[in-house]
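K.L.:
File name input_17.csv; file contents CSV, C-alpha atoms; full text below.
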chain,number,residue,atom,x,y,z
K,1,MET,CA,-6.6,14.8,-89.4
K,2,LYS,CA,-6.8,18.0,-87.4
K,3,MET,CA,-3.5,19.0,-85.9
K,4,ASN,CA,-3.1,20.7,-82.5
K,5,ASP,CA,-1.6,24.2,-82.8
K,6,ALA,CA,1.2,23.9,-80.2
K,7,ARG,CA,1.8,27.7,-80.4
K,8,THR,CA,-1.3,28.2,-78.2
K,9,LEU,CA,0.3,26.2,-75.4
K,10,SER,CA,2.4,27.6,-72.6
K,11,ALA,CA,6.2,27.3,-72.9
K,12,GLU,CA,6.2,24.5,-70.3
K,13,ALA,CA,3.5,22.6,-72.1
K,14,GLN,CA,5.3,22.9,-75.4
K,15,GLU,CA,8.5,21.5,-73.7
K,16,ASP,CA,6.6,18.6,-72.2
K,17,LEU,CA,5.0,17.8,-75.6
K,18,ARG,CA,8.3,17.8,-77.3
K,19,LYS,CA,9.9,15.4,-74.7
K,20,ARG,CA,6.9,13.0,-74.8
K,21,VAL,CA,7.1,12.8,-78.6
K,22,VAL,CA,10.8,12.2,-78.6
K,23,ARG,CA,10.6,9.6,-75.9
K,24,ALA,CA,7.9,7.7,-77.8
K,25,VAL,CA,9.9,7.8,-81.1
K,26,VAL,CA,13.5,7.4,-79.8
K,27,LYS,CA,13.1,5.3,-76.7
K,28,ASP,CA,9.9,3.4,-77.3
K,29,GLY,CA,10.4,2.8,-81.0
K,30,MET,CA,7.1,4.4,-82.1
K,31,PRO,CA,7.1,5.1,-85.9
K,32,LYS,CA,7.1,8.8,-86.7
K,33,ALA,CA,3.8,8.5,-88.7
K,34,GLU,CA,2.1,6.9,-85.6
K,35,ALA,CA,3.5,9.7,-83.4
K,36,VAL,CA,1.9,12.2,-85.7
K,37,ARG,CA,-1.5,10.6,-85.3
K,38,THR,CA,-1.1,10.0,-81.6
K,39,PHE,CA,0.0,13.4,-80.5
K,40,GLN,CA,-1.8,15.3,-83.3
K,41,VAL,CA,1.3,17.3,-84.4
K,42,SER,CA,2.8,17.8,-87.8
K,43,LYS,CA,5.3,15.4,-89.4
K,44,THR,CA,7.7,18.3,-89.8
K,45,ALA,CA,7.6,19.0,-86.0
K,46,VAL,CA,8.2,15.4,-85.1
K,47,HIS,CA,11.2,15.2,-87.5
K,48,ASN,CA,12.7,18.5,-86.3
K,49,TRP,CA,12.3,17.5,-82.6
K,50,VAL,CA,14.0,14.2,-83.1
K,51,LYS,CA,16.8,15.8,-85.1
K,52,ASP,CA,17.4,18.4,-82.4
K,53,TYR,CA,17.5,15.7,-79.7
K,54,GLU,CA,20.0,13.6,-81.7
K,55,THR,CA,22.2,16.7,-82.2
K,56,ASN,CA,22.1,18.4,-78.8
K,57,GLY,CA,20.2,16.0,-76.4
K,58,MET,CA,17.3,16.9,-74.2
K,59,ALA,CA,18.6,20.4,-73.7
K,60,ALA,CA,17.5,21.2,-77.3
K,61,LEU,CA,13.9,20.5,-76.3
K,62,GLN,CA,13.8,22.8,-73.3
K,63,ALA,CA,11.5,25.8,-73.3
K,64,ARG,CA,13.0,29.1,-74.3
K,65,LYS,CA,12.1,32.7,-73.7
K,66,ARG,CA,9.4,33.9,-76.1
K,67,GLY,CA,9.2,37.2,-78.0
K,68,ARG,CA,11.7,39.4,-79.6
K,69,PRO,CA,15.2,39.3,-78.0
K,70,ARG,CA,16.0,42.5,-76.2
K,71,GLN,CA,19.6,42.6,-77.5
K,72,SER,CA,20.9,42.1,-80.9
K,73,ARG,CA,22.4,38.7,-81.6
K,74,LEU,CA,25.2,40.4,-83.5
K,75,THR,CA,28.1,41.9,-81.6
K,76,ALA,CA,29.1,45.5,-82.1
K,77,ARG,CA,32.1,44.4,-84.2
K,78,GLN,CA,30.0,42.1,-86.4
K,79,ALA,CA,27.4,44.9,-87.0
K,80,ALA,CA,30.2,47.4,-87.9
K,81,THR,CA,31.6,44.8,-90.4
K,82,VAL,CA,28.2,44.4,-92.1
K,83,VAL,CA,27.6,48.1,-92.3
K,84,ARG,CA,31.1,48.6,-93.9
K,85,LEU,CA,30.4,45.8,-96.5
K,86,ILE,CA,27.0,47.3,-97.4
K,87,ARG,CA,28.7,50.7,-97.8
K,88,ASP,CA,31.8,49.7,-99.7
K,89,ARG,CA,30.7,46.5,-101.6
K,90,CYS,CA,28.0,45.1,-103.8
K,91,PRO,CA,26.5,41.7,-103.0
K,92,ASP,CA,27.9,40.1,-106.2
K,93,GLN,CA,31.4,41.3,-105.2
K,94,LEU,CA,31.0,39.1,-102.0
K,95,LYS,CA,29.8,36.2,-104.2
K,96,LEU,CA,26.2,36.5,-103.0
K,97,PRO,CA,23.5,35.8,-105.6
K,98,PHE,CA,22.1,39.4,-105.5
K,99,ALA,CA,22.8,42.6,-107.5
K,100,LEU,CA,21.4,45.0,-104.8
K,101,TRP,CA,21.5,45.1,-101.0
K,102,THR,CA,18.0,43.8,-100.1
K,103,ARG,CA,16.9,42.4,-96.7
K,104,ALA,CA,17.3,38.9,-98.2
K,105,ALA,CA,20.9,39.7,-99.3
K,106,VAL,CA,21.9,41.0,-95.9
K,107,GLY,CA,20.3,38.0,-94.3
K,108,GLU,CA,22.4,35.7,-96.4
K,109,LEU,CA,25.5,37.7,-95.6
K,110,LEU,CA,24.8,37.3,-91.9
K,111,GLU,CA,24.4,33.5,-92.3
K,112,ARG,CA,27.5,33.1,-94.4
K,113,ARG,CA,29.8,35.4,-92.4
K,114,PHE,CA,28.6,34.7,-88.8
K,115,GLY,CA,26.4,31.6,-89.0
K,116,LEU,CA,23.5,33.7,-87.9
K,117,LYS,CA,20.1,32.9,-89.5
K,118,VAL,CA,17.5,35.6,-88.9
K,119,SER,CA,14.2,36.5,-90.6
K,120,VAL,CA,13.9,39.3,-93.1
K,121,TRP,CA,11.9,41.3,-90.5
K,122,THR,CA,14.8,41.1,-88.1
K,123,VAL,CA,17.2,42.1,-90.8
K,124,GLY,CA,14.9,45.1,-91.5
K,125,ARG,CA,15.2,46.1,-87.8
K,126,TYR,CA,19.0,45.8,-87.9
K,127,LEU,CA,19.2,48.0,-91.0
K,128,ALA,CA,17.0,50.6,-89.5
K,129,ALA,CA,19.1,50.6,-86.3
K,130,TRP,CA,22.3,51.0,-88.5
K,131,GLY,CA,20.8,54.0,-90.3
K,132,CYS,CA,20.4,52.1,-93.6
K,133,THR,CA,17.4,53.0,-95.8
K,134,PRO,CA,16.3,51.7,-99.2
K,135,GLN,CA,17.6,54.1,-101.9
K,136,LYS,CA,17.9,54.2,-105.7
K,137,PRO,CA,21.6,53.4,-106.4
K,138,LEU,CA,23.8,55.5,-108.7
K,139,ARG,CA,25.7,53.7,-111.4
K,140,ARG,CA,29.5,53.9,-111.5
K,141,ALA,CA,31.5,52.5,-114.4
K,142,TYR,CA,34.1,49.7,-113.6
K,143,GLU,CA,36.6,51.7,-115.8
K,144,ARG,CA,36.5,54.6,-113.4
K,145,ASP,CA,40.0,55.5,-112.1
K,146,PRO,CA,39.9,56.6,-108.4
K,147,GLU,CA,43.5,57.8,-108.5
K,148,ALA,CA,42.7,60.1,-111.5
K,149,ILE,CA,39.7,61.5,-109.6
K,150,LYS,CA,41.8,62.2,-106.6
K,151,LYS,CA,44.4,64.0,-108.7
K,152,TRP,CA,41.7,66.0,-110.4
K,153,LEU,CA,40.2,67.2,-107.1
K,154,ALA,CA,43.6,67.8,-105.3
K,155,VAL,CA,45.8,69.1,-108.2
K,156,GLU,CA,44.2,69.6,-111.6
K,157,TYR,CA,41.1,71.5,-110.8
K,158,PRO,CA,42.8,73.8,-108.2
K,159,VAL,CA,45.3,74.8,-110.9
K,160,ILE,CA,42.4,75.6,-113.4
K,161,GLN,CA,40.7,77.6,-110.7
K,162,ALA,CA,43.9,79.6,-109.9
K,163,ARG,CA,44.4,80.4,-113.6
K,164,ALA,CA,40.8,81.5,-114.0
K,165,ARG,CA,41.3,84.0,-111.2
K,166,GLN,CA,44.6,85.3,-112.7
K,167,THR,CA,43.1,85.7,-116.2
K,168,LYS,CA,39.6,86.7,-114.9
K,169,ALA,CA,38.1,83.8,-116.9
K,170,ARG,CA,34.7,82.3,-116.0
K,171,ILE,CA,34.7,78.5,-115.6
K,172,HIS,CA,31.8,76.7,-117.4
K,173,TRP,CA,30.8,73.1,-117.0
K,174,GLY,CA,29.4,71.6,-120.1
K,175,ASP,CA,27.7,68.3,-121.3
K,176,ALA,CA,25.6,66.9,-124.1
K,177,MET,CA,22.4,65.0,-123.5
K,178,GLY,CA,19.9,63.1,-125.7
K,179,LEU,CA,16.2,63.4,-125.1
K,180,ARG,CA,13.5,60.8,-126.0
K,181,SER,CA,9.8,61.2,-126.5
K,182,ASP,CA,9.1,58.1,-124.4
K,183,HIS,CA,11.0,59.2,-121.3
K,184,GLN,CA,8.7,59.4,-118.3
K,185,THR,CA,9.2,60.2,-114.6
K,186,GLY,CA,7.0,60.5,-111.6
K,187,THR,CA,3.9,58.6,-110.5
K,188,SER,CA,0.2,58.9,-111.0
K,189,TYR,CA,-2.6,58.0,-108.6
K,190,GLY,CA,-5.0,55.2,-109.6
K,191,LEU,CA,-7.2,52.6,-108.0
K,192,ARG,CA,-5.3,49.8,-106.2
K,193,GLY,CA,-4.5,47.0,-108.5
K,194,ARG,CA,-5.2,49.0,-111.7
K,195,THR,CA,-2.1,50.6,-113.1
K,196,PRO,CA,-3.0,54.0,-114.7
K,197,ILE,CA,-2.7,54.2,-118.5
K,198,ILE,CA,-1.4,57.4,-120.0
K,199,PRO,CA,-2.3,57.8,-123.7
K,200,GLY,CA,0.4,59.1,-126.0
K,201,THR,CA,1.8,58.7,-129.5
K,202,GLY,CA,3.3,55.4,-130.5
K,203,LYS,CA,5.9,57.2,-132.5
K,204,ARG,CA,9.4,57.6,-131.1
K,205,PHE,CA,11.4,60.7,-131.8
K,206,GLY,CA,14.1,62.6,-130.0
K,207,CYS,CA,16.4,65.6,-129.9
K,208,ASN,CA,19.7,66.6,-128.3
K,209,MET,CA,20.9,69.4,-126.2
K,210,PHE,CA,24.2,70.8,-125.1
K,211,SER,CA,24.4,73.1,-122.0
K,212,ALA,CA,27.0,74.7,-119.8
K,213,VAL,CA,26.6,76.2,-116.3
K,214,THR,CA,28.8,78.3,-113.9
K,215,ASN,CA,28.8,78.6,-110.2
K,216,ARG,CA,27.7,82.2,-110.6
K,217,GLY,CA,24.4,81.1,-112.1
K,218,ASP,CA,25.1,81.5,-115.8
K,219,LEU,CA,23.4,79.0,-118.2
K,220,SER,CA,24.1,78.6,-121.9
K,221,PHE,CA,22.4,75.9,-124.1
K,222,MET,CA,21.5,74.6,-127.5
K,223,VAL,CA,18.6,72.3,-128.4
K,224,PHE,CA,19.0,70.6,-131.8
K,225,LYS,CA,17.6,67.8,-134.0
K,226,GLU,CA,20.8,66.5,-135.5
K,227,ARG,CA,23.4,64.2,-133.9
K,228,PHE,CA,26.0,65.7,-131.6
K,229,THR,CA,28.9,66.3,-134.0
K,230,THR,CA,32.0,68.4,-134.3
K,231,PRO,CA,30.3,71.2,-136.2
K,232,VAL,CA,27.5,71.3,-133.5
K,233,PHE,CA,30.0,71.5,-130.7
K,234,ILE,CA,31.9,74.3,-132.5
K,235,ALA,CA,28.7,76.2,-133.0
K,236,PHE,CA,28.1,76.0,-129.2
K,237,LEU,CA,31.6,77.2,-128.5
K,238,GLN,CA,31.0,80.2,-130.8
K,239,ARG,CA,27.8,81.0,-129.0
K,240,LEU,CA,29.6,80.7,-125.6
K,241,VAL,CA,32.3,83.1,-126.8
K,242,ARG,CA,29.7,85.6,-128.1
K,243,GLN,CA,27.8,85.5,-124.8
K,244,ASN,CA,30.9,86.2,-122.8
K,245,GLN,CA,31.8,89.1,-125.0
K,246,ARG,CA,28.3,90.6,-124.6
K,247,ARG,CA,28.6,90.2,-120.8
K,248,GLY,CA,32.0,91.9,-120.8
K,249,ARG,CA,34.1,88.9,-119.8
K,250,ARG,CA,37.5,88.3,-121.2
K,251,LYS,CA,37.7,84.5,-121.4
K,252,SER,CA,35.9,81.2,-120.8
K,253,PHE,CA,37.2,78.0,-119.4
K,254,LEU,CA,35.0,75.1,-120.5
K,255,ILE,CA,35.2,71.8,-118.6
K,256,VAL,CA,33.7,68.7,-120.4
K,257,ASP,CA,34.1,64.9,-120.4
K,258,SER,CA,36.3,63.0,-122.9
K,259,HIS,CA,33.6,62.5,-125.6
K,260,PRO,CA,35.3,62.0,-129.0
K,261,VAL,CA,33.7,65.1,-130.3
K,262,HIS,CA,35.2,67.2,-127.5
K,263,LYS,CA,38.7,65.9,-128.4
K,264,SER,CA,38.4,65.9,-132.2
K,265,ALA,CA,41.2,67.4,-134.2
K,266,ARG,CA,39.0,70.1,-135.7
K,267,VAL,CA,37.8,71.3,-132.2
K,268,THR,CA,41.4,71.2,-130.9
K,269,ARG,CA,42.5,73.5,-133.8
K,270,TRP,CA,39.5,75.8,-133.4
K,271,VAL,CA,40.2,76.3,-129.7
K,272,ALA,CA,43.9,76.7,-130.2
K,273,GLU,CA,43.3,79.6,-132.6
K,274,ARG,CA,41.1,81.3,-130.0
K,275,ARG,CA,43.1,80.6,-126.9
K,276,ALA,CA,42.7,84.2,-125.8
K,277,GLN,CA,38.9,83.7,-125.7
K,278,ILE,CA,38.4,80.1,-124.6
K,279,GLU,CA,40.1,77.0,-123.4
K,280,VAL,CA,38.7,73.5,-123.0
K,281,PHE,CA,39.6,71.1,-120.1
K,282,PHE,CA,38.7,67.5,-119.6
K,283,LEU,CA,37.3,65.6,-116.6
K,284,PRO,CA,38.7,62.2,-115.6
K,285,GLY,CA,37.1,59.4,-117.5
K,286,TYR,CA,33.9,57.8,-116.4
K,287,SER,CA,33.2,60.4,-113.7
K,288,PRO,CA,30.0,62.2,-114.6
K,289,GLU,CA,29.2,62.8,-110.9
K,290,LEU,CA,32.0,65.5,-110.9
K,291,ASN,CA,30.2,67.6,-113.5
K,292,PRO,CA,27.5,70.0,-112.1
K,293,ASP,CA,25.9,70.2,-115.6
K,294,GLU,CA,24.7,66.6,-115.0
K,295,LEU,CA,22.4,68.0,-112.4
K,296,LEU,CA,20.9,70.4,-115.0
K,297,ASN,CA,20.5,67.4,-117.3
K,298,ASN,CA,18.6,65.4,-114.7
K,299,ASP,CA,16.4,68.5,-113.9
K,300,VAL,CA,15.5,68.9,-117.6
K,301,LYS,CA,14.7,65.2,-118.0
K,302,SER,CA,12.5,65.0,-114.9
K,303,ASN,CA,10.7,68.4,-115.0
K,304,ALA,CA,10.8,69.6,-118.6
K,305,LEU,CA,10.2,66.4,-120.4
K,306,GLY,CA,9.5,63.4,-118.1
K,307,ARG,CA,6.1,64.8,-116.9
K,308,GLN,CA,4.9,65.9,-120.3
K,309,ARG,CA,3.6,64.1,-123.4
K,310,PRO,CA,5.0,65.7,-126.6
K,311,ALA,CA,3.1,64.7,-129.7
K,312,THR,CA,5.6,65.9,-132.2
K,313,GLN,CA,9.4,66.5,-132.4
K,314,GLN,CA,8.8,70.2,-132.6
K,315,GLN,CA,6.7,70.2,-129.4
K,316,MET,CA,9.3,68.1,-127.8
K,317,MET,CA,12.1,70.5,-128.6
K,318,HIS,CA,9.9,73.4,-127.3
K,319,LEU,CA,9.6,71.9,-123.8
K,320,PRO,CA,13.3,71.8,-122.8
K,321,ARG,CA,13.9,75.2,-124.6
K,322,ALA,CA,11.1,76.9,-122.6
K,323,TYR,CA,12.3,75.3,-119.4
K,324,LEU,CA,15.9,76.3,-120.0
K,325,HIS,CA,15.0,79.9,-120.8
K,326,SER,CA,13.0,80.0,-117.6
K,327,THR,CA,16.0,78.6,-115.7
K,328,GLN,CA,18.3,81.2,-117.3
K,329,ARG,CA,16.3,83.9,-115.6
K,330,ARG,CA,16.7,82.1,-112.2
K,331,PRO,CA,20.5,82.1,-111.5
K,332,ASP,CA,19.7,80.9,-107.9
K,333,ILE,CA,18.5,77.6,-109.4
K,334,VAL,CA,21.7,77.1,-111.3
K,335,ARG,CA,23.8,78.0,-108.3
K,336,ASN,CA,21.9,75.4,-106.3
K,337,TYR,CA,23.2,72.6,-108.5
K,338,PHE,CA,26.7,73.3,-107.1
K,339,ARG,CA,25.5,72.5,-103.6
K,340,GLU,CA,25.2,68.8,-104.3
K,341,GLU,CA,27.9,66.8,-102.4
K,342,ASN,CA,29.9,65.5,-105.4
K,343,VAL,CA,30.2,68.9,-107.1
K,344,ARG,CA,30.5,71.1,-104.1
K,345,TYR,CA,34.3,71.4,-104.8
K,346,ALA,CA,33.4,73.5,-107.9
K,347,ALA,CA,31.2,76.0,-106.0
K,348,GLY,CA,34.0,78.3,-104.9
Would you write the structure of this file as structure tokens?

P.N.:
Amino acid sequence: MKMNDARTLSAEAQEDLRKRVVRAVVKDGMPKAEAVRTFQVSKTAVHNWVKDYETNGMAALQARKRGRPRQSRLTARQAATVVRLIRDRCPDQLKLPFALWTRAAVGELLERRFGLKVSVWTVGRYLAAWGCTPQKPLRRAYERDPEAIKKWLAVEYPVIQARARQTKARIHWGDAMGLRSDHQTGTSYGLRGRTPIIPGTGKRFGCNMFSAVTNRGDLSFMVFKERFTTPVFIAFLQRLVRQNQRRGRRKSFLIVDSHPVHKSARVTRWVAERRAQIEVFFLPGYSPELNPDELLNNDVKSNALGRQRPATQQQMMHLPRAYLHSTQRRPDIVRNYFREENVRYAAG
């Protein structure tokens, strides 16, 4: 049976149709199935109109203004609450069945918090008006200690900075990173519906690197095949000391994370014996965003390796080495890492 599309009717005609159907079903006792055939409307429409009438009377059947509402159905206070929750919480922390803030997640939040049911398109307009854009989120460990980070920024690092000025030491920020042959970044154009295929070796191999940067644009690094172990770290420390001596600098302060190798007894003894040349300091746990060298790591992964297809381990090791040698000759690039918001505190 062909149904009439009531959306083509005027608002007044739609209201009249709803009222005639409800009168026939509720007052005259017409079965809903017969009302569907008689008025040529859907079974769902008949059910909903009768339900609305039983809940709110004839007022629920009256014509309403068409089109998008000119004003938001959220109050300014409700909108501010939603923005604050999006900024400070994840959906699962609010017991919503989502891991990320999508339009569907925000829509469910509106319905649970304020009883407001809106379409995903309306949610999208709300998000745009609030200045929210889709972004790739950063990962933060649950074990992260905000108080330790505050102490580092307000007390510990300023003390290190003051000592560096007094002793004319240069502050280096270091970190180790693993590289894999199957790492890939970026996109490639192709025909719609046909994902591009990039040929490459099926073998998996990797290498590691340790690097250190300063806010003056200095870069030191090692690329190696073996695992990152105590002897490897000590070899890097020796290289860093030699480089500083060649550059006529008295001392190095190296800031690293709390990796077990960095805190091993052998490293501790080695550094203690050369306290006049180098000292090692440790960032708060689970806070890689405070380390400017992480930005160099991302740069190397994305631009030296992620867009290339190394066929052998030797070729793979050549790619980051060549890229890092090039970056060493561009101290302005290294200084730019320190402009990122989370590490700007280390730029001075």

K.L.:
Excluding region 162-172 of chain K and any residue of its chain fewer than 2 positions from it, enumerate the residues within 7 Å of it, using only C-alpha atoms, and give them as a ChimeraX atom specification.

P.N.:
/K:158-160,174,212-214,250-255

K.L.:
Okay, now the selection with C-alpha atoms, as a CSV table (one decimal), in the coordinates of the input?

P.N.:
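The resulting file, out_12.csv, is reproduced below:
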chain,number,residue,atom,x,y,z
K,158,PRO,CA,42.8,73.8,-108.2
K,159,VAL,CA,45.3,74.8,-110.9
K,160,ILE,CA,42.4,75.6,-113.4
K,174,GLY,CA,29.4,71.6,-120.1
K,212,ALA,CA,27.0,74.7,-119.8
K,213,VAL,CA,26.6,76.2,-116.3
K,214,THR,CA,28.8,78.3,-113.9
K,250,ARG,CA,37.5,88.3,-121.2
K,251,LYS,CA,37.7,84.5,-121.4
K,252,SER,CA,35.9,81.2,-120.8
K,253,PHE,CA,37.2,78.0,-119.4
K,254,LEU,CA,35.0,75.1,-120.5
K,255,ILE,CA,35.2,71.8,-118.6

K.L.:
So what do you get for CA of Trp101 (chain K) versus CA of Ile86 (chain K), distance-wise?

P.N.:
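Between these atoms lies a distance of 6.9 Å.
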
K.L.:
With all atoms listed in the file as the counted atoms, please give the residues lying no more than 12 Å from region 317-333 of chain K, apart from itself and same-chain residues fewer than 6 positions off, as a PyMOL selection string.

P.N.:
chain K and resi 177-181+205-226+295-311+339

K.L.:
Write out the residues from the selection above, keeping C-alpha atoms, as a PDB file, keeping the file's coordinate frame.

P.N.:
ATOM      1  CA  MET K 177      22.400  65.000-123.500  1.00  0.00           C
ATOM      2  CA  GLY K 178      19.900  63.100-125.700  1.00  0.00           C
ATOM      3  CA  LEU K 179      16.200  63.400-125.100  1.00  0.00           C
ATOM      4  CA  ARG K 180      13.500  60.800-126.000  1.00  0.00           C
ATOM      5  CA  SER K 181       9.800  61.200-126.500  1.00  0.00           C
ATOM      6  CA  PHE K 205      11.400  60.700-131.800  1.00  0.00           C
ATOM      7  CA  GLY K 206      14.100  62.600-130.000  1.00  0.00           C
ATOM      8  CA  CYS K 207      16.400  65.600-129.900  1.00  0.00           C
ATOM      9  CA  ASN K 208      19.700  66.600-128.300  1.00  0.00           C
ATOM     10  CA  MET K 209      20.900  69.400-126.200  1.00  0.00           C
ATOM     11  CA  PHE K 210      24.200  70.800-125.100  1.00  0.00           C
ATOM     12  CA  SER K 211      24.400  73.100-122.000  1.00  0.00           C
ATOM     13  CA  ALA K 212      27.000  74.700-119.800  1.00  0.00           C
ATOM     14  CA  VAL K 213      26.600  76.200-116.300  1.00  0.00           C
ATOM     15  CA  THR K 214      28.800  78.300-113.900  1.00  0.00           C
ATOM     16  CA  ASN K 215      28.800  78.600-110.200  1.00  0.00           C
ATOM     17  CA  ARG K 216      27.700  82.200-110.600  1.00  0.00           C
ATOM     18  CA  GLY K 217      24.400  81.100-112.100  1.00  0.00           C
ATOM     19  CA  ASP K 218      25.100  81.500-115.800  1.00  0.00           C
ATOM     20  CA  LEU K 219      23.400  79.000-118.200  1.00  0.00           C
ATOM     21  CA  SER K 220      24.100  78.600-121.900  1.00  0.00           C
ATOM     22  CA  PHE K 221      22.400  75.900-124.100  1.00  0.00           C
ATOM     23  CA  MET K 222      21.500  74.600-127.500  1.00  0.00           C
ATOM     24  CA  VAL K 223      18.600  72.300-128.400  1.00  0.00           C
ATOM     25  CA  PHE K 224      19.000  70.600-131.800  1.00  0.00           C
ATOM     26  CA  LYS K 225      17.600  67.800-134.000  1.00  0.00           C
ATOM     27  CA  GLU K 226      20.800  66.500-135.500  1.00  0.00           C
ATOM     28  CA  LEU K 295      22.400  68.000-112.400  1.00  0.00           C
ATOM     29  CA  LEU K 296      20.900  70.400-115.000  1.00  0.00           C
ATOM     30  CA  ASN K 297      20.500  67.400-117.300  1.00  0.00           C
ATOM     31  CA  ASN K 298      18.600  65.400-114.700  1.00  0.00           C
ATOM     32  CA  ASP K 299      16.400  68.500-113.900  1.00  0.00           C
ATOM     33  CA  VAL K 300      15.500  68.900-117.600  1.00  0.00           C
ATOM     34  CA  LYS K 301      14.700  65.200-118.000  1.00  0.00           C
ATOM     35  CA  SER K 302      12.500  65.000-114.900  1.00  0.00           C
ATOM     36  CA  ASN K 303      10.700  68.400-115.000  1.00  0.00           C
ATOM     37  CA  ALA K 304      10.800  69.600-118.600  1.00  0.00           C
ATOM     38  CA  LEU K 305      10.200  66.400-120.400  1.00  0.00           C
ATOM     39  CA  GLY K 306       9.500  63.400-118.100  1.00  0.00           C
ATOM     40  CA  ARG K 307       6.100  64.800-116.900  1.00  0.00           C
ATOM     41  CA  GLN K 308       4.900  65.900-120.300  1.00  0.00           C
ATOM     42  CA  ARG K 309       3.600  64.100-123.400  1.00  0.00           C
ATOM     43  CA  PRO K 310       5.000  65.700-126.600  1.00  0.00           C
ATOM     44  CA  ALA K 311       3.100  64.700-129.700  1.00  0.00           C
ATOM     45  CA  ARG K 339      25.500  72.500-103.600  1.00  0.00           C
TER      46      ARG K 339
END

K.L.:
Give me, as a list in words, all polymer residues having an atom no more than 7 Å from region 51-65 of chain K, counting only C-alpha atoms and skipping those fewer than 6 positions away in the same chain.

P.N.:
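Once the adjacent positions are removed, what remains is Ala11, Glu12, Glu15, Arg18 and Lys19 of chain K.
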
K.L.:
Using only C-alpha atoms, find the one residue out of K:Gly193, K:Gly248, K:Pro31, K:Pro292 that sits nearest to Glu340 (chain K).

P.N.:
K:Pro292

K.L.:
So which one's closest to Ala148 (chain K), K:Leu110, K:Leu94, K:Leu283, K:Leu100? Using only C-alpha atoms, please.

P.N.:
K:Leu283

K.L.:
Which one is closest to Tyr286 (chain K): K:Gln315, K:Gln238, K:Thr195, K:Ser258? Count only C-alpha atoms.

P.N.:
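Looking at the shortest contact to Tyr286 (chain K), the residue is K:Ser258.
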
K.L.:
Which one of K:Glu294, K:Ala176, K:Arg247, K:Ala35 sits closest to His259 (chain K) if you count all atoms listed in the file?

P.N.:
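With all atoms listed in the file as the atom set, the closest residue is K:Ala176.
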
K.L.:
Measuring atom to atom with only C-alpha atoms, identify which of K:Phe114, K:Phe281, K:Phe39, K:Phe228 is nearest to Gln161 (chain K).

P.N.:
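Going through K:Phe114, K:Phe281, K:Phe39, K:Phe228 one by one, the smallest distance to Gln161 (chain K) is for K:Phe281.
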
K.L.:
Which is closest to Lys27 (chain K) among K:Val232, K:Ala45, K:Ala128, K:Val50, if we use only C-alpha atoms?

P.N.:
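Answer, going by the shortest atom-to-atom distance: K:Val50.
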
K.L.:
If I take CA of Leu237 (chain K) and CA of Arg335 (chain K), how far is one from the other in Å, to one decimal?

P.N.:
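That distance, rounded to one decimal, is 21.7 Å.
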
K.L.:
What's the separation between CA of Phe233 (chain K) and CA of Asn291 (chain K), in Å to one decimal place?

P.N.:
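Spanning CA of Phe233 (chain K) to CA of Asn291 (chain K) is a straight-line distance of 17.6 Å.
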